[in-house]
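Working notes for the structure below.
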Amino acid sequence: MPVVVLSERGQLVIPQEIRRKLDLAKGSRLHLGLMDDGQTITLRPVGRIKSLRGFLKGTPTADRMLAAVRREERQRDERRGQGVG
């Protein structure tokens with residue numbers, strides 16, 4: 001386990017091996033946490049916006065969903081008007 005030194009300004013350097021594994025670069029944002037034991041510090045990379053790219057691909061947009069609901073309601077109303085349903 002690598003050892004890091006805290007500077008007088010409260011800064012530390014994350015070892016290169018860990019930065020590479022976590023794909024960290026200058027300006028990367030990290031969540032800092034303290035475990036319940038009060039002795040363990042955790043650092044977790046903040047999710048990048050790029051990682052969300054395309055996660056909604058293939059899902060209908062709100063206007064398409066609304067159009068489908070309206071179409072179903074219209075069809076239901078038409079069936080009721082004809083005495084079906």
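Labels for the structure tokens follow display order: chains A, B, ..., residues from 1 in each chain, ligands from 1.
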
Env of range 11-22 of chain A: 8 Å cut, atoms = only C-alpha atoms, seq-sep filter 4 positions within chain, self excluded. Answer as a short mmCIF file (atom, residue, chain, number, x, y, z; two decimals) with all heavy atoms, in the first residue's frame.
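For reference, out29.cif as written:
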```cif
data_model
loop_
_atom_site.label_atom_id
_atom_site.label_comp_id
_atom_site.auth_asym_id
_atom_site.auth_seq_id
_atom_site.Cartn_x
_atom_site.Cartn_y
_atom_site.Cartn_z
N PRO A 2 0.69 2.12 -0.98
CA PRO A 2 1.53 3.32 -1.06
C PRO A 2 1.31 4.25 0.14
O PRO A 2 0.22 4.31 0.71
CB PRO A 2 1.06 4.01 -2.33
CG PRO A 2 0.24 3.01 -3.07
CD PRO A 2 -0.26 2.03 -2.06
N VAL A 4 1.53 8.24 1.36
CA VAL A 4 1.58 9.61 0.85
C VAL A 4 1.86 10.55 2.00
O VAL A 4 1.63 10.22 3.17
CB VAL A 4 0.27 10.02 0.13
CG1 VAL A 4 0.03 9.15 -1.08
CG2 VAL A 4 -0.92 9.94 1.07
N VAL A 5 2.40 11.72 1.69
CA VAL A 5 2.73 12.71 2.70
C VAL A 5 1.83 13.92 2.52
O VAL A 5 1.67 14.43 1.40
CB VAL A 5 4.22 13.13 2.58
CG1 VAL A 5 4.56 14.21 3.59
CG2 VAL A 5 5.12 11.92 2.74
N LEU A 6 1.25 14.38 3.58
CA LEU A 6 0.38 15.54 3.57
C LEU A 6 1.26 16.79 3.65
O LEU A 6 2.10 16.91 4.54
CB LEU A 6 -0.58 15.48 4.76
CG LEU A 6 -1.78 16.38 4.75
CD1 LEU A 6 -2.71 16.04 3.60
CD2 LEU A 6 -2.54 16.26 6.07
N SER A 7 1.05 17.74 2.72
CA SER A 7 1.84 18.97 2.74
C SER A 7 1.32 19.90 3.83
O SER A 7 0.25 19.68 4.40
CB SER A 7 1.76 19.68 1.38
OG SER A 7 0.51 20.32 1.22
N PRO A 45 -13.86 8.74 -7.28
CA PRO A 45 -14.01 9.68 -8.40
C PRO A 45 -15.47 10.07 -8.58
O PRO A 45 -16.37 9.24 -8.46
CB PRO A 45 -13.51 8.90 -9.62
CG PRO A 45 -12.68 7.80 -9.06
CD PRO A 45 -13.26 7.48 -7.71
#
```

Could you pull out all residues of range 6-48 of chain A with a DSSP call of alpha helix (DSSP H) and give them as a PDB file with C-alpha atoms, in the first residue's frame?
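Contents of the output file selection-v9.pdb:
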```pdb
ATOM      1  CA  GLN A  16       0.681   7.518 -10.416  1.00  0.00           C
ATOM      2  CA  GLU A  17      -0.282   3.828 -10.385  1.00  0.00           C
ATOM      3  CA  ILE A  18      -3.591   4.626  -8.679  1.00  0.00           C
ATOM      4  CA  ARG A  19      -4.244   7.672 -10.900  1.00  0.00           C
ATOM      5  CA  ARG A  20      -3.804   5.456 -13.965  1.00  0.00           C
ATOM      6  CA  LYS A  21      -6.093   2.717 -12.660  1.00  0.00           C
TER       7      LYS A  21
END
```

Apply DSSP to the structure's backbone, then extract all residues of range 12-84 of chain A labelled strand (DSSP E) and return them as a PyMOL selection string. chain A and resi 30-34+41-45

Could you save the residues just selected, with C-alpha atoms, as a PDB file, in the first residue's frame?
```pdb
ATOM      1  CA  LEU A  30     -13.125  13.153  -6.044  1.00  0.00           C
ATOM      2  CA  HIS A  31     -15.585  12.544  -3.224  1.00  0.00           C
ATOM      3  CA  LEU A  32     -13.779  12.456   0.123  1.00  0.00           C
ATOM      4  CA  GLY A  33     -15.324  10.385   2.875  1.00  0.00           C
ATOM      5  CA  LEU A  34     -14.635   9.132   6.361  1.00  0.00           C
ATOM      6  CA  ILE A  41     -10.455   8.016   4.549  1.00  0.00           C
ATOM      7  CA  THR A  42     -12.051   7.120   1.218  1.00  0.00           C
ATOM      8  CA  LEU A  43     -11.659   8.853  -2.130  1.00  0.00           C
ATOM      9  CA  ARG A  44     -14.089   8.093  -4.933  1.00  0.00           C
ATOM     10  CA  PRO A  45     -14.014   9.679  -8.400  1.00  0.00           C
TER      11      PRO A  45
END
```

To one decimal in Å, tell me the separation between CA of Ala62 in chain A and CA of Arg80 in chain A.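 Answer for the CA of Ala62 in chain A to CA of Arg80 in chain A separation: 27.0 Å.
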